[in-house]
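Asker: Structure in structure tokens, see below.
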Amino acid sequence: MIKFRTYIFELILWMLLPSVVGWITFEIFTKYRFDSYPVIPASMIILGTLFFFILKKIHSISESKRMLLFYLNIIVKMILSLAFILFVVLHDRTNALFFIITFFVFYVFLMIFEIRCFVKITKLISGKQN
């Protein structure tokens with residue numbers, strides 16, 4: 001099973017790449033800078049950490065319920081992300097479009113990371129059962 005420290009370390013590395021690219025982009029295009037940018041990687045790390053607790057329970061769940069649990073995770077994160085976007089955009093409307101685009105890029109990176117982890121764990125489980 002994947003260790004919590006390893007999972008968090010990989011998650012932070014996955015969020016570091018778009019953070020650096022975003023920071024460089026906002027340094028180049030200073031008129032599109034918004035104050036709530038550091039909140040995006042922090043929120044993605046929190047959302048990604050929630051998925052770890054689902055990964056821990058995968059061993060004890062049947063194969064058909066694994067996918068349902070994974071889909072439920074995606075839906076819950078989508079709802080939380082939309083609520084977060086609404087909160088930030090309503091609180092600070094300056095450069096709202098760029099905030100949403102940046103948030104979406106981070107969200108895509110998070111989903112790729114979680115799908116990769118889910119597939120890796122599922123392969124490990126199916127390999128042990130055979």
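So you can find residues: chains in the structure tokens are A, B, ... in the order shown, residues in each start at 1, and ligands are numbered from 1 in order.
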Using only C-alpha atoms, determine which residues lie at most 9 Å from Ile58 (chain A), disregarding the query and same-chain residues fewer than 6 positions distant; provide the list as a PDB file with C-alpha atoms, in the first residue's frame.
Answerer:
```pdb
ATOM      1  CA  LYS A  65     -17.569  -0.586  -5.841  1.00  0.00           C
ATOM      2  CA  ARG A  66     -14.029   0.720  -6.381  1.00  0.00           C
ATOM      3  CA  LEU A  69     -16.078   5.203  -5.009  1.00  0.00           C
ATOM      4  CA  ILE A 121      -3.197   0.719  -6.696  1.00  0.00           C
ATOM      5  CA  THR A 122      -5.785  -1.225  -8.713  1.00  0.00           C
ATOM      6  CA  ILE A 125      -4.494  -5.311  -5.933  1.00  0.00           C
TER       7      ILE A 125
END
```
Asker: Could you list, as a count of residues only, every residue within 12 Å of Ile112 (chain A), counting only C-alpha atoms and ignoring same-chain residues fewer than 4 positions away?
Answerer: 13
Asker: Looking only at alpha helix (DSSP H) from DSSP on the backbone, list the matching residues of chain A as a compact mmCIF listing (two decimals) with C-alpha atoms, in the first residue's frame.
Answerer:
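Result went into selection.txt, see below:
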```txt
# COMPACT_ATOMS: atom_id res chain seq x y z
CA PHE A 4 0.96 8.79 3.33
CA ARG A 5 4.32 10.61 3.21
CA THR A 6 5.07 9.27 -0.26
CA TYR A 7 1.61 10.20 -1.51
CA ILE A 8 1.82 13.76 -0.13
CA PHE A 9 5.34 14.20 -1.51
CA GLU A 10 4.24 13.13 -5.01
CA LEU A 11 1.14 15.32 -4.76
CA ILE A 12 3.23 18.35 -3.85
CA LEU A 13 5.60 17.64 -6.73
CA TRP A 14 2.65 17.40 -9.13
CA MET A 15 1.32 20.74 -7.88
CA LEU A 16 4.78 22.35 -7.93
CA LEU A 17 5.07 22.28 -11.72
CA PRO A 18 1.93 24.33 -12.48
CA SER A 19 2.78 26.60 -9.52
CA VAL A 20 6.16 27.51 -10.99
CA VAL A 21 4.74 27.92 -14.50
CA GLY A 22 1.93 30.10 -13.13
CA TRP A 23 4.33 32.22 -11.11
CA ILE A 24 6.56 32.77 -14.16
CA THR A 25 3.54 33.58 -16.31
CA PHE A 26 2.25 36.13 -13.81
CA GLU A 27 5.71 37.70 -13.59
CA ILE A 28 5.74 38.12 -17.36
CA VAL A 39 -4.71 29.63 -2.50
CA ILE A 40 -5.06 27.43 -5.61
CA PRO A 41 -2.11 25.06 -5.00
CA ALA A 42 -2.98 24.90 -1.31
CA SER A 43 -6.59 23.96 -2.06
CA MET A 44 -5.46 21.32 -4.57
CA ILE A 45 -3.17 19.74 -2.00
CA ILE A 46 -6.04 19.63 0.49
CA LEU A 47 -8.39 18.12 -2.10
CA GLY A 48 -5.71 15.61 -3.11
CA THR A 49 -5.13 14.62 0.50
CA LEU A 50 -8.81 13.70 0.82
CA PHE A 51 -8.32 11.12 -1.94
CA PHE A 52 -5.62 9.31 0.05
CA PHE A 53 -8.18 8.12 2.58
CA ILE A 54 -10.19 6.58 -0.26
CA LEU A 55 -7.05 4.83 -1.54
CA LYS A 56 -6.53 3.31 1.91
CA LYS A 57 -9.96 1.64 1.80
CA GLU A 63 -13.98 -4.27 -7.72
CA SER A 64 -17.35 -2.89 -8.84
CA LYS A 65 -17.57 -0.59 -5.84
CA ARG A 66 -14.03 0.72 -6.38
CA MET A 67 -15.03 2.54 -9.54
CA LEU A 68 -18.17 3.90 -7.89
CA LEU A 69 -16.08 5.20 -5.01
CA PHE A 70 -13.64 6.77 -7.46
CA TYR A 71 -16.48 8.46 -9.35
CA LEU A 72 -17.96 9.66 -6.08
CA ASN A 73 -14.58 11.16 -5.21
CA ILE A 74 -14.52 13.02 -8.53
CA ILE A 75 -18.06 14.35 -8.07
CA VAL A 76 -17.41 15.53 -4.51
CA LYS A 77 -14.20 17.28 -5.57
CA MET A 78 -15.98 18.92 -8.47
CA ILE A 79 -18.69 20.26 -6.16
CA LEU A 80 -16.11 21.48 -3.62
CA SER A 81 -14.08 23.09 -6.41
CA LEU A 82 -17.11 24.89 -7.83
CA ALA A 83 -18.03 26.14 -4.37
CA PHE A 84 -14.45 27.33 -3.85
CA ILE A 85 -14.40 29.08 -7.23
CA LEU A 86 -17.70 30.79 -6.48
CA PHE A 87 -16.49 31.91 -3.07
CA VAL A 88 -13.24 33.38 -4.39
CA VAL A 89 -14.77 34.98 -7.49
CA LEU A 90 -17.57 36.58 -5.48
CA HIS A 91 -15.07 37.77 -2.88
CA ALA A 96 -11.85 36.27 -12.17
CA LEU A 97 -11.45 34.67 -15.59
CA PHE A 98 -7.74 34.13 -15.07
CA PHE A 99 -8.38 32.68 -11.62
CA ILE A 100 -10.86 30.19 -13.09
CA ILE A 101 -8.49 29.21 -15.92
CA THR A 102 -5.60 28.75 -13.50
CA PHE A 103 -7.79 26.75 -11.13
CA PHE A 104 -8.89 24.53 -14.02
CA VAL A 105 -5.28 23.82 -15.02
CA PHE A 106 -4.45 22.79 -11.45
CA TYR A 107 -7.62 20.69 -11.31
CA VAL A 108 -6.58 18.82 -14.47
CA PHE A 109 -3.14 18.12 -12.97
CA LEU A 110 -4.80 16.85 -9.78
CA MET A 111 -7.14 14.56 -11.71
CA ILE A 112 -4.25 13.12 -13.74
CA PHE A 113 -2.33 12.47 -10.52
CA GLU A 114 -5.30 10.77 -8.85
CA ILE A 115 -6.12 8.62 -11.87
CA ARG A 116 -2.49 7.54 -12.01
CA CYS A 117 -2.53 6.62 -8.31
CA PHE A 118 -5.86 4.79 -8.64
CA VAL A 119 -4.66 2.74 -11.62
CA LYS A 120 -1.40 1.90 -9.85
CA ILE A 121 -3.20 0.72 -6.70
CA THR A 122 -5.78 -1.22 -8.71
CA LYS A 123 -3.02 -3.02 -10.63
CA LEU A 124 -1.29 -3.89 -7.37
CA ILE A 125 -4.49 -5.31 -5.93
CA SER A 126 -5.33 -7.31 -9.05
CA GLY A 127 -1.74 -8.60 -9.20
CA LYS A 128 -1.94 -9.85 -5.60
CA GLN A 129 -5.29 -11.56 -6.23
```
